[in-house]
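Asker: What follows is the file data13.pdb, containing PDB, C-alpha atoms, pLDDT in the B column:
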```
ATOM      1  CA  MET A  25      18.484 -25.845  -1.543  1.00 84.00           C
ATOM      2  CA  THR A  26      15.588 -26.103   0.925  1.00 96.00           C
ATOM      3  CA  TRP A  27      13.547 -22.928   1.350  1.00 98.00           C
ATOM      4  CA  ALA A  28      14.056 -21.872   4.978  1.00 98.00           C
ATOM      5  CA  ALA A  29      11.761 -19.915   7.306  1.00 98.00           C
ATOM      6  CA  SER A  30      12.874 -18.627  10.697  1.00 98.00           C
ATOM      7  CA  VAL A  31      10.284 -17.204  13.077  1.00 99.00           C
ATOM      8  CA  LEU A  32      11.116 -14.947  16.030  1.00 98.00           C
ATOM      9  CA  THR A  33       8.255 -14.900  18.530  1.00 98.00           C
ATOM     10  CA  LEU A  34       7.306 -14.773  22.202  1.00 98.00           C
ATOM     11  CA  PHE A  35       4.935 -17.694  21.615  1.00 98.00           C
ATOM     12  CA  PRO A  36       6.859 -20.477  19.844  1.00 98.00           C
ATOM     13  CA  ALA A  37       4.158 -23.054  20.612  1.00 98.00           C
ATOM     14  CA  MET A  38       1.960 -21.388  17.976  1.00 98.00           C
ATOM     15  CA  PHE A  39       4.179 -22.911  15.251  1.00 98.00           C
ATOM     16  CA  PRO A  40       3.906 -24.777  12.966  1.00 98.00           C
ATOM     17  CA  GLY A  41       0.196 -24.689  13.851  1.00 98.00           C
ATOM     18  CA  PRO A  42      -1.880 -25.102  10.668  1.00 98.00           C
ATOM     19  CA  LEU A  43       1.328 -25.182   8.619  1.00 98.00           C
ATOM     20  CA  GLY A  44       1.867 -28.683   9.975  1.00 98.00           C
ATOM     21  CA  GLN A  45      -1.245 -29.861   8.107  1.00 98.00           C
ATOM     22  CA  SER A  46      -2.351 -30.372   4.499  1.00 96.00           C
ATOM     23  CA  LEU A  47      -0.054 -29.259   1.654  1.00 96.00           C
ATOM     24  CA  ALA A  48       2.315 -27.195   3.786  1.00 98.00           C
ATOM     25  CA  GLY A  49       2.600 -29.940   6.397  1.00 98.00           C
ATOM     26  CA  ARG A  50       3.358 -32.639   3.851  1.00 97.00           C
ATOM     27  CA  ALA A  51       5.908 -30.382   2.181  1.00 98.00           C
ATOM     28  CA  LEU A  52       7.520 -29.694   5.554  1.00 98.00           C
ATOM     29  CA  GLN A  53       7.808 -33.413   6.265  1.00 98.00           C
ATOM     30  CA  ALA A  54       9.173 -34.005   2.774  1.00 97.00           C
ATOM     31  CA  GLY A  55      11.894 -31.403   3.273  1.00 98.00           C
ATOM     32  CA  LEU A  56      10.638 -29.022   0.580  1.00 98.00           C
ATOM     33  CA  TRP A  57      10.910 -26.256   3.168  1.00 98.00           C
ATOM     34  CA  SER A  58      12.144 -25.920   6.730  1.00 98.00           C
ATOM     35  CA  LEU A  59      10.910 -24.038   9.777  1.00 98.00           C
ATOM     36  CA  ASP A  60      12.829 -23.051  12.888  1.00 98.00           C
ATOM     37  CA  VAL A  61      11.235 -21.065  15.694  1.00 98.00           C
ATOM     38  CA  THR A  62      13.177 -18.890  18.141  1.00 98.00           C
ATOM     39  CA  ASN A  63      11.819 -17.592  21.432  1.00 98.00           C
ATOM     40  CA  ILE A  64      12.728 -13.898  21.682  1.00 98.00           C
ATOM     41  CA  ARG A  65      12.622 -14.214  25.467  1.00 98.00           C
ATOM     42  CA  ASP A  66      15.705 -16.463  25.340  1.00 98.00           C
ATOM     43  CA  PHE A  67      17.764 -13.325  24.622  1.00 98.00           C
ATOM     44  CA  ALA A  68      16.660 -11.411  27.700  1.00 97.00           C
ATOM     45  CA  ALA A  69      19.507 -10.621  30.088  1.00 89.00           C
ATOM     46  CA  ASP A  70      17.704 -10.426  33.455  1.00 92.00           C
ATOM     47  CA  ARG A  71      16.292 -13.172  35.641  1.00 93.00           C
ATOM     48  CA  HIS A  72      12.742 -12.122  34.813  1.00 95.00           C
ATOM     49  CA  ARG A  73      13.452 -12.559  31.082  1.00 96.00           C
ATOM     50  CA  THR A  74      12.177  -9.068  30.329  1.00 96.00           C
ATOM     51  CA  VAL A  75      11.831  -8.244  26.625  1.00 97.00           C
ATOM     52  CA  ASP A  76       9.866  -4.990  26.680  1.00 97.00           C
ATOM     53  CA  ASP A  77       9.695  -1.593  28.340  1.00 97.00           C
ATOM     54  CA  THR A  78       7.475   1.495  28.499  1.00 97.00           C
ATOM     55  CA  PRO A  79       7.434   3.781  25.446  1.00 96.00           C
ATOM     56  CA  PHE A  80       9.442   6.997  25.443  1.00 96.00           C
ATOM     57  CA  GLY A  81       7.056   9.922  25.229  1.00 96.00           C
ATOM     58  CA  GLY A  82       4.457   8.180  27.347  1.00 95.00           C
ATOM     59  CA  GLY A  83       1.329   6.297  26.365  1.00 93.00           C
ATOM     60  CA  PRO A  84      -0.174   2.904  27.118  1.00 93.00           C
ATOM     61  CA  GLY A  85       1.345  -0.505  26.544  1.00 95.00           C
ATOM     62  CA  MET A  86       4.869  -1.777  26.183  1.00 97.00           C
ATOM     63  CA  VAL A  87       7.421  -1.828  23.358  1.00 97.00           C
ATOM     64  CA  LEU A  88       9.802  -4.665  22.431  1.00 97.00           C
ATOM     65  CA  ARG A  89      13.345  -3.573  23.254  1.00 98.00           C
ATOM     66  CA  PRO A  90      15.778  -3.056  20.352  1.00 98.00           C
ATOM     67  CA  ASP A  91      18.716  -4.817  22.031  1.00 98.00           C
ATOM     68  CA  ILE A  92      16.680  -7.961  22.726  1.00 98.00           C
ATOM     69  CA  VAL A  93      15.161  -8.086  19.237  1.00 98.00           C
ATOM     70  CA  ASP A  94      18.517  -7.402  17.586  1.00 98.00           C
ATOM     71  CA  ALA A  95      20.155 -10.280  19.459  1.00 98.00           C
ATOM     72  CA  ALA A  96      17.365 -12.629  18.338  1.00 98.00           C
ATOM     73  CA  VAL A  97      17.681 -11.527  14.708  1.00 98.00           C
ATOM     74  CA  HIS A  98      21.472 -11.833  14.854  1.00 98.00           C
ATOM     75  CA  ALA A  99      21.143 -15.467  15.953  1.00 98.00           C
ATOM     76  CA  VAL A 100      19.446 -16.462  12.684  1.00 98.00           C
ATOM     77  CA  ALA A 101      20.558 -13.755  10.223  1.00 98.00           C
ATOM     78  CA  ASP A 102      22.182 -15.154   7.093  1.00 97.00           C
ATOM     79  CA  GLY A 103      21.202 -12.787   4.293  1.00 97.00           C
ATOM     80  CA  ARG A 104      17.550 -13.784   4.036  1.00 98.00           C
ATOM     81  CA  PRO A 105      14.987 -10.929   4.047  1.00 98.00           C
ATOM     82  CA  VAL A 106      13.867  -9.921   7.541  1.00 98.00           C
ATOM     83  CA  LEU A 107      10.133  -9.220   7.699  1.00 98.00           C
ATOM     84  CA  CYS A 108       8.395  -7.519  10.598  1.00 98.00           C
ATOM     85  CA  LEU A 109       4.702  -8.422  10.863  1.00 98.00           C
ATOM     86  CA  THR A 110       2.854  -5.267  11.924  1.00 96.00           C
ATOM     87  CA  PRO A 111      -0.526  -3.665  11.131  1.00 94.00           C
ATOM     88  CA  ARG A 112       1.256  -0.490  10.035  1.00 94.00           C
ATOM     89  CA  GLY A 113       3.214  -2.294   7.333  1.00 96.00           C
ATOM     90  CA  ARG A 114       2.433  -2.316   3.631  1.00 97.00           C
ATOM     91  CA  ARG A 115      -0.178  -4.848   2.638  1.00 96.00           C
ATOM     92  CA  LEU A 116       0.990  -8.326   1.619  1.00 97.00           C
ATOM     93  CA  THR A 117       0.312  -9.110  -2.054  1.00 95.00           C
ATOM     94  CA  GLN A 118       0.556 -12.137  -4.296  1.00 95.00           C
ATOM     95  CA  ALA A 119       3.553 -10.499  -5.944  1.00 94.00           C
ATOM     96  CA  ASP A 120       5.243 -10.425  -2.531  1.00 97.00           C
ATOM     97  CA  ALA A 121       4.498 -14.114  -2.044  1.00 97.00           C
ATOM     98  CA  ARG A 122       6.114 -14.928  -5.384  1.00 97.00           C
ATOM     99  CA  ARG A 123       9.143 -12.770  -4.553  1.00 97.00           C
ATOM    100  CA  PHE A 124       9.623 -14.390  -1.148  1.00 98.00           C
ATOM    101  CA  ALA A 125       9.210 -17.857  -2.685  1.00 98.00           C
ATOM    102  CA  ALA A 126      12.033 -17.057  -5.111  1.00 97.00           C
ATOM    103  CA  ALA A 127      14.352 -16.076  -2.241  1.00 97.00           C
ATOM    104  CA  PRO A 128      16.326 -18.632  -0.169  1.00 98.00           C
ATOM    105  CA  GLY A 129      13.789 -18.078   2.616  1.00 98.00           C
ATOM    106  CA  VAL A 130      12.641 -15.427   5.085  1.00 98.00           C
ATOM    107  CA  ILE A 131      13.096 -14.372   8.701  1.00 99.00           C
ATOM    108  CA  LEU A 132       9.828 -13.326  10.339  1.00 98.00           C
ATOM    109  CA  LEU A 133       9.668 -11.109  13.410  1.00 98.00           C
ATOM    110  CA  CYS A 134       6.302 -11.341  15.167  1.00 98.00           C
ATOM    111  CA  GLY A 135       5.468  -8.054  16.826  1.00 94.00           C
ATOM    112  CA  ARG A 136       3.637  -7.873  20.160  1.00 93.00           C
ATOM    113  CA  TYR A 137       2.294  -5.282  22.586  1.00 92.00           C
ATOM    114  CA  GLU A 138       2.559  -1.744  21.150  1.00 92.00           C
ATOM    115  CA  GLY A 139       5.162  -2.853  18.636  1.00 95.00           C
ATOM    116  CA  VAL A 140       8.917  -3.023  18.088  1.00 97.00           C
ATOM    117  CA  ASP A 141      11.420  -0.226  18.751  1.00 98.00           C
ATOM    118  CA  GLN A 142      11.835   1.574  15.418  1.00 97.00           C
ATOM    119  CA  ARG A 143      15.619   1.681  15.690  1.00 98.00           C
ATOM    120  CA  VAL A 144      16.072  -2.069  15.306  1.00 98.00           C
ATOM    121  CA  ILE A 145      13.598  -2.141  12.400  1.00 98.00           C
ATOM    122  CA  GLU A 146      15.739   0.433  10.608  1.00 98.00           C
ATOM    123  CA  ALA A 147      19.086  -1.053  11.660  1.00 98.00           C
ATOM    124  CA  ARG A 148      18.118  -4.479  10.331  1.00 98.00           C
ATOM    125  CA  THR A 149      16.455  -3.022   7.204  1.00 98.00           C
ATOM    126  CA  MET A 150      13.263  -4.907   7.963  1.00 98.00           C
ATOM    127  CA  ASP A 151      10.388  -5.001   5.506  1.00 98.00           C
ATOM    128  CA  GLU A 152       7.247  -4.125   7.497  1.00 98.00           C
ATOM    129  CA  ILE A 153       4.332  -6.279   6.293  1.00 98.00           C
ATOM    130  CA  SER A 154       0.616  -6.279   7.136  1.00 97.00           C
ATOM    131  CA  ILE A 155      -1.939  -8.886   6.085  1.00 97.00           C
ATOM    132  CA  GLY A 156      -4.864  -6.463   6.222  1.00 96.00           C
ATOM    133  CA  ASP A 157      -6.401  -3.312   7.618  1.00 95.00           C
ATOM    134  CA  TYR A 158      -7.145  -4.651  11.090  1.00 94.00           C
ATOM    135  CA  VAL A 159      -5.243  -5.277  14.326  1.00 95.00           C
ATOM    136  CA  LEU A 160      -4.351  -8.689  15.758  1.00 96.00           C
ATOM    137  CA  SER A 161      -2.981  -9.499  19.206  1.00 95.00           C
ATOM    138  CA  GLY A 162       0.414 -10.176  17.674  1.00 97.00           C
ATOM    139  CA  GLY A 163       2.278 -11.036  14.510  1.00 98.00           C
ATOM    140  CA  GLU A 164       2.068 -14.811  14.851  1.00 98.00           C
ATOM    141  CA  LEU A 165      -1.164 -15.297  12.906  1.00 98.00           C
ATOM    142  CA  ALA A 166       0.088 -12.891  10.255  1.00 98.00           C
ATOM    143  CA  ALA A 167       3.317 -14.901   9.994  1.00 98.00           C
ATOM    144  CA  LEU A 168       1.312 -18.106   9.486  1.00 98.00           C
ATOM    145  CA  VAL A 169      -0.723 -16.448   6.742  1.00 98.00           C
ATOM    146  CA  LEU A 170       2.382 -15.134   4.997  1.00 98.00           C
ATOM    147  CA  LEU A 171       4.152 -18.486   5.179  1.00 98.00           C
ATOM    148  CA  ASP A 172       1.143 -20.356   3.821  1.00 98.00           C
ATOM    149  CA  SER A 173       0.909 -17.951   0.872  1.00 98.00           C
ATOM    150  CA  VAL A 174       4.584 -18.527   0.075  1.00 98.00           C
ATOM    151  CA  VAL A 175       5.037 -22.242   0.780  1.00 98.00           C
ATOM    152  CA  ARG A 176       2.262 -23.254  -1.608  1.00 97.00           C
ATOM    153  CA  LEU A 177       4.230 -21.582  -4.433  1.00 97.00           C
ATOM    154  CA  LEU A 178       7.398 -23.595  -3.813  1.00 97.00           C
ATOM    155  CA  PRO A 179       8.238 -26.234  -6.441  1.00 96.00           C
ATOM    156  CA  GLY A 180       6.617 -29.574  -5.680  1.00 96.00           C
ATOM    157  CA  VAL A 181       4.160 -28.334  -3.040  1.00 96.00           C
ATOM    158  CA  ILE A 182       1.067 -28.044  -5.252  1.00 92.00           C
ATOM    159  CA  GLY A 183       0.486 -31.145  -7.346  1.00 74.00           C
ATOM    160  CA  ALA A 184      -0.520 -29.307 -10.526  1.00 55.00           C
ATOM    161  CA  ALA A 185       1.798 -26.319 -10.777  1.00 56.00           C
ATOM    162  CA  GLU A 186      -0.435 -24.623 -13.337  1.00 49.00           C
ATOM    163  CA  SER A 187      -3.274 -24.376 -10.788  1.00 57.00           C
ATOM    164  CA  ALA A 188      -1.344 -21.623  -8.993  1.00 56.00           C
ATOM    165  CA  LEU A 189      -1.381 -19.602 -12.225  1.00 57.00           C
ATOM    166  CA  ASP A 190      -5.186 -19.652 -12.385  1.00 60.00           C
ATOM    167  CA  GLU A 191      -5.965 -18.191  -8.975  1.00 59.00           C
ATOM    168  CA  SER A 192      -7.083 -14.830  -7.641  1.00 55.00           C
ATOM    169  CA  PHE A 193      -4.483 -12.058  -7.993  1.00 66.00           C
ATOM    170  CA  SER A 194      -2.194 -14.101 -10.260  1.00 64.00           C
ATOM    171  CA  ALA A 195      -3.060 -11.944 -13.278  1.00 73.00           C
ATOM    172  CA  GLY A 196      -4.226  -8.880 -11.384  1.00 82.00           C
ATOM    173  CA  LEU A 197      -7.774 -10.287 -11.281  1.00 91.00           C
ATOM    174  CA  LEU A 198      -9.949 -12.126  -8.790  1.00 91.00           C
ATOM    175  CA  GLU A 199     -10.682 -15.706  -9.798  1.00 91.00           C
ATOM    176  CA  TYR A 200     -13.716 -16.602 -11.891  1.00 93.00           C
ATOM    177  CA  PRO A 201     -16.543 -18.727 -10.340  1.00 95.00           C
ATOM    178  CA  GLN A 202     -16.021 -22.494 -10.079  1.00 94.00           C
ATOM    179  CA  TYR A 203     -18.609 -25.248 -10.632  1.00 95.00           C
ATOM    180  CA  THR A 204     -18.688 -29.051 -10.395  1.00 95.00           C
ATOM    181  CA  ARG A 205     -21.233 -31.913 -10.425  1.00 94.00           C
ATOM    182  CA  PRO A 206     -24.195 -32.070 -10.316  1.00 96.00           C
ATOM    183  CA  ALA A 207     -24.843 -29.835 -13.317  1.00 95.00           C
ATOM    184  CA  ASP A 208     -28.296 -28.994 -11.924  1.00 96.00           C
ATOM    185  CA  TRP A 209     -28.486 -28.430  -8.170  1.00 96.00           C
ATOM    186  CA  GLN A 210     -31.718 -27.229  -6.566  1.00 97.00           C
ATOM    187  CA  GLY A 211     -32.755 -25.716  -9.878  1.00 96.00           C
ATOM    188  CA  ARG A 212     -29.484 -23.837 -10.289  1.00 96.00           C
ATOM    189  CA  ARG A 213     -27.710 -24.868 -13.456  1.00 96.00           C
ATOM    190  CA  VAL A 214     -24.054 -24.595 -14.343  1.00 96.00           C
ATOM    191  CA  PRO A 215     -23.502 -21.969 -17.091  1.00 97.00           C
ATOM    192  CA  GLU A 216     -24.005 -23.720 -20.432  1.00 97.00           C
ATOM    193  CA  VAL A 217     -20.680 -22.517 -21.829  1.00 97.00           C
ATOM    194  CA  LEU A 218     -18.838 -24.661 -19.261  1.00 97.00           C
ATOM    195  CA  LEU A 219     -20.644 -27.740 -20.580  1.00 97.00           C
ATOM    196  CA  SER A 220     -19.989 -26.921 -24.221  1.00 96.00           C
ATOM    197  CA  GLY A 221     -16.498 -28.386 -24.557  1.00 96.00           C
ATOM    198  CA  HIS A 222     -15.527 -25.242 -26.494  1.00 97.00           C
ATOM    199  CA  HIS A 223     -12.208 -24.339 -24.870  1.00 97.00           C
ATOM    200  CA  ALA A 224     -11.882 -20.874 -26.400  1.00 97.00           C
ATOM    201  CA  ALA A 225     -15.422 -19.979 -25.347  1.00 97.00           C
ATOM    202  CA  VAL A 226     -14.756 -21.271 -21.813  1.00 96.00           C
ATOM    203  CA  ALA A 227     -11.551 -19.243 -21.602  1.00 95.00           C
ATOM    204  CA  ALA A 228     -13.362 -16.093 -22.795  1.00 96.00           C
ATOM    205  CA  TRP A 229     -16.194 -16.629 -20.282  1.00 96.00           C
ATOM    206  CA  ARG A 230     -13.753 -17.143 -17.421  1.00 94.00           C
ATOM    207  CA  ARG A 231     -11.810 -14.018 -18.338  1.00 94.00           C
ATOM    208  CA  ALA A 232     -14.997 -11.966 -18.582  1.00 95.00           C
ATOM    209  CA  GLU A 233     -16.238 -13.263 -15.236  1.00 95.00           C
ATOM    210  CA  ALA A 234     -12.882 -12.569 -13.576  1.00 93.00           C
ATOM    211  CA  GLU A 235     -12.930  -9.016 -14.877  1.00 94.00           C
ATOM    212  CA  ARG A 236     -16.557  -8.481 -13.826  1.00 95.00           C
ATOM    213  CA  ILE A 237     -15.947  -9.741 -10.288  1.00 94.00           C
ATOM    214  CA  THR A 238     -12.747  -7.732  -9.945  1.00 93.00           C
ATOM    215  CA  ARG A 239     -14.451  -4.595 -11.225  1.00 94.00           C
ATOM    216  CA  ASP A 240     -17.329  -5.057  -8.739  1.00 95.00           C
ATOM    217  CA  ARG A 241     -15.390  -6.176  -5.663  1.00 94.00           C
ATOM    218  CA  ARG A 242     -11.834  -4.875  -6.005  1.00 91.00           C
ATOM    219  CA  PRO A 243     -11.665  -1.944  -8.445  1.00 92.00           C
ATOM    220  CA  ASP A 244      -8.403  -0.970  -6.728  1.00 89.00           C
ATOM    221  CA  LEU A 245      -6.580  -3.873  -8.367  1.00 84.00           C
ATOM    222  CA  SER A 246      -4.422  -2.828 -11.300  1.00 55.00           C
ATOM    223  CA  ALA A 247      -5.710  -5.359 -13.796  1.00 51.00           C
ATOM    224  CA  PRO A 248      -5.863  -4.622 -17.541  1.00 53.00           C
ATOM    225  CA  ASP A 249      -9.096  -3.805 -19.376  1.00 51.00           C
ATOM    226  CA  LEU A 250     -11.220  -3.381 -16.240  1.00 51.00           C
ATOM    227  CA  SER A 251     -12.821  -0.336 -17.810  1.00 48.00           C
ATOM    228  CA  THR A 252     -14.181  -2.516 -20.616  1.00 43.00           C
ATOM    229  CA  PRO A 253     -17.361  -4.373 -19.524  1.00 43.00           C
ATOM    230  CA  ASN A 254     -17.386  -6.953 -22.322  1.00 39.00           C
ATOM    231  CA  ILE A 255     -14.822  -9.235 -23.913  1.00 34.00           C
ATOM    232  CA  SER A 256     -15.089  -9.462 -27.690  1.00 33.00           C
ATOM    233  CA  THR A 257     -12.263 -11.877 -28.414  1.00 30.00           C
ATOM    234  CA  PRO A 258     -11.297 -15.086 -26.625  1.00 31.00           C
ATOM    235  CA  ALA A 259      -8.258 -14.894 -24.375  1.00 32.00           C
ATOM    236  CA  ALA A 260      -6.043 -17.490 -22.813  1.00 33.00           C
ATOM    237  CA  ALA A 261      -7.106 -18.613 -19.342  1.00 32.00           C
ATOM    238  CA  PRO A 262      -5.646 -16.271 -16.712  1.00 30.00           C
TER
END
```
Could you show the structure in this file as structure tokens?
Answerer:
Amino acid sequence: MTWAASVLTLFPAMFPGPLGQSLAGRALQAGLWSLDVTNIRDFAADRHRTVDDTPFGGGPGMVLRPDIVDAAVHAVADGRPVLCLTPRGRRLTQADARRFAAAPGVILLCGRYEGVDQRVIEARTMDEISIGDYVLSGGELAALVLLDSVVRLLPGVIGAAESALDESFSAGLLEYPQYTRPADWQGRRVPEVLLSGHHAAVAAWRRAEAERITRDRRPDLSAPDLSTPNISTPAAAP
């Protein structure tokens, strides 16, 4: 079964955007996943195609109406998870990407203006997702980010499937540094262990580097052994 993404947005021309290029684009053309985009404004009932209104309680901006959003969701709902892209949502993780990739697909609601009426979020049991602690003009860019993180995990999208197992966050760690030719560039040499051909030593060095970088840059990640500065025994590559 093809993994299916449905996007609900006020700006359908933003899709597929970058998802039409590179790995995701080739996979889309090959039918490894599908994308349909619905204009929320198509469900407006008045001649002005109004989709929003002023917030109860006062305040600036406009709020997407629950009846309009619900009609748009109803048009594509089929049991797939419904995700609302919003800066107040919980932060997207690699574990989420793997979970969404294992599902039949997702329905993505791109928020705009001051947000979406809470009642439709609750009625449709939406999972509110954020891609970071900052505010965008709308949920479209966040939806593109989420889809890219998921599509690349689908079977057949990445040429070497094991490469996805060796990336940042896959084992609760940031990825170790990468090097390629030339071995000496502007007086900066590749670490000798990577030239040694000793696979166990390389694996131990990569694990140690991943733990060091994670400890320095993202101590909030729940990776094992981050309290231990040094690795005494070789470990399998993360």
Asker: Determine the residue set returned by the PyMOL selection byres ((chain A and resi 29) around 9) for the present structure, and present it as a list in words.
Answerer: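 When the PyMOL selection byres ((chain A and resi 29) around 9) is applied, the selected residues are Trp27, Ala28, Ser30, Val31, Trp57, Ser58, Leu59, Asp60, Val61, Pro128, Gly129, Val130, Ile131, Leu132 and Leu171 of chain A.
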Asker: Near Leu32 of chain A, counting all atoms listed in the file, which residues have an atom at most 10 Å away, once you skip same-chain residues fewer than 2 positions from it, shown as a PyMOL selection string?
Answerer: chain A and resi 30+34-36+60-65+93+96-97+100+108+131-135+163-164+167
Asker: Export, as a PDB file, in the coordinates of the input, the selected residues with C-alpha atoms.
Answerer:
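Output contents, as saved in out_33.pdb:
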```pdb
ATOM      1  CA  SER A  30      12.874 -18.627  10.697  1.00 98.00           C
ATOM      2  CA  LEU A  34       7.306 -14.773  22.202  1.00 98.00           C
ATOM      3  CA  PHE A  35       4.935 -17.694  21.615  1.00 98.00           C
ATOM      4  CA  PRO A  36       6.859 -20.477  19.844  1.00 98.00           C
ATOM      5  CA  ASP A  60      12.829 -23.051  12.888  1.00 98.00           C
ATOM      6  CA  VAL A  61      11.235 -21.065  15.694  1.00 98.00           C
ATOM      7  CA  THR A  62      13.177 -18.890  18.141  1.00 98.00           C
ATOM      8  CA  ASN A  63      11.819 -17.592  21.432  1.00 98.00           C
ATOM      9  CA  ILE A  64      12.728 -13.898  21.682  1.00 98.00           C
ATOM     10  CA  ARG A  65      12.622 -14.214  25.467  1.00 98.00           C
ATOM     11  CA  VAL A  93      15.161  -8.086  19.237  1.00 98.00           C
ATOM     12  CA  ALA A  96      17.365 -12.629  18.338  1.00 98.00           C
ATOM     13  CA  VAL A  97      17.681 -11.527  14.708  1.00 98.00           C
ATOM     14  CA  VAL A 100      19.446 -16.462  12.684  1.00 98.00           C
ATOM     15  CA  CYS A 108       8.395  -7.519  10.598  1.00 98.00           C
ATOM     16  CA  ILE A 131      13.096 -14.372   8.701  1.00 99.00           C
ATOM     17  CA  LEU A 132       9.828 -13.326  10.339  1.00 98.00           C
ATOM     18  CA  LEU A 133       9.668 -11.109  13.410  1.00 98.00           C
ATOM     19  CA  CYS A 134       6.302 -11.341  15.167  1.00 98.00           C
ATOM     20  CA  GLY A 135       5.468  -8.054  16.826  1.00 94.00           C
ATOM     21  CA  GLY A 163       2.278 -11.036  14.510  1.00 98.00           C
ATOM     22  CA  GLU A 164       2.068 -14.811  14.851  1.00 98.00           C
ATOM     23  CA  ALA A 167       3.317 -14.901   9.994  1.00 98.00           C
TER      24      ALA A 167
END
```
Asker: Could you tell me how far atom CA of Leu56 of chain A lies from atom CA of Thr26 of chain A, in Å and to one decimal?
Answerer: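 Calculated distance between atom CA of Leu56 of chain A and atom CA of Thr26 of chain A is 5.8 Å.
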Asker: List the neighbours of Thr149 of chain A out to 12 Å using all atoms listed in the file; skip same-chain residues closer than 5 positions along the sequence, and give me the result as a list in words.
Answerer: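 Residues near the query, excluding close chain neighbours: Asp94, Val97, Ala101, Gly103, Arg104, Pro105, Val106, Leu107, Cys108, Ile131, Gln142, Arg143 and Val144 of chain A.
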Asker: To test the calculation: enclose all listed atoms of segment 153-171 of chain A in a box whose edges run along x, y and z, add 6 Å on each side, then state centre and edge lengths in Å to one decimal, as AutoDock Vina command-line options.
Answerer:
```
--center_x -1.4 --center_y -10.9 --center_z 12.1 --size_x 23.5 --size_y 27.2 --size_z 26.2
```
Asker: Evaluate the PyMOL selection byres ((chain A and resi 121) around 9) on the structure here and hand back the selected residues as a VMD selection string.
Answerer: chain A and resid 116 to 120 122 to 126 170 to 171 173 to 175 177
Asker: Could you state the separation of atom CA of Arg115 of chain A and atom CA of Asp157 of chain A in Å, given to one decimal place?
Answerer: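 About the pair atom CA of Arg115 of chain A and atom CA of Asp157 of chain A: they are 8.1 Å apart.
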Asker: Env of Arg205 of chain A: 12 Å cut, atoms = only C-alpha atoms, seq-sep filter 4 positions within chain, self excluded. Answer as an NGL selection string.
Answerer: :A and (209 or 212-214 or 218-219)
Asker: Find, counting only C-alpha atoms, the residue in A:Phe39, A:Ser46, A:Arg71, A:Glu146 that gets nearest to Arg176 of chain A.
Answerer: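 Using only C-alpha atoms, Arg176 of chain A sits closest to A:Ser46.
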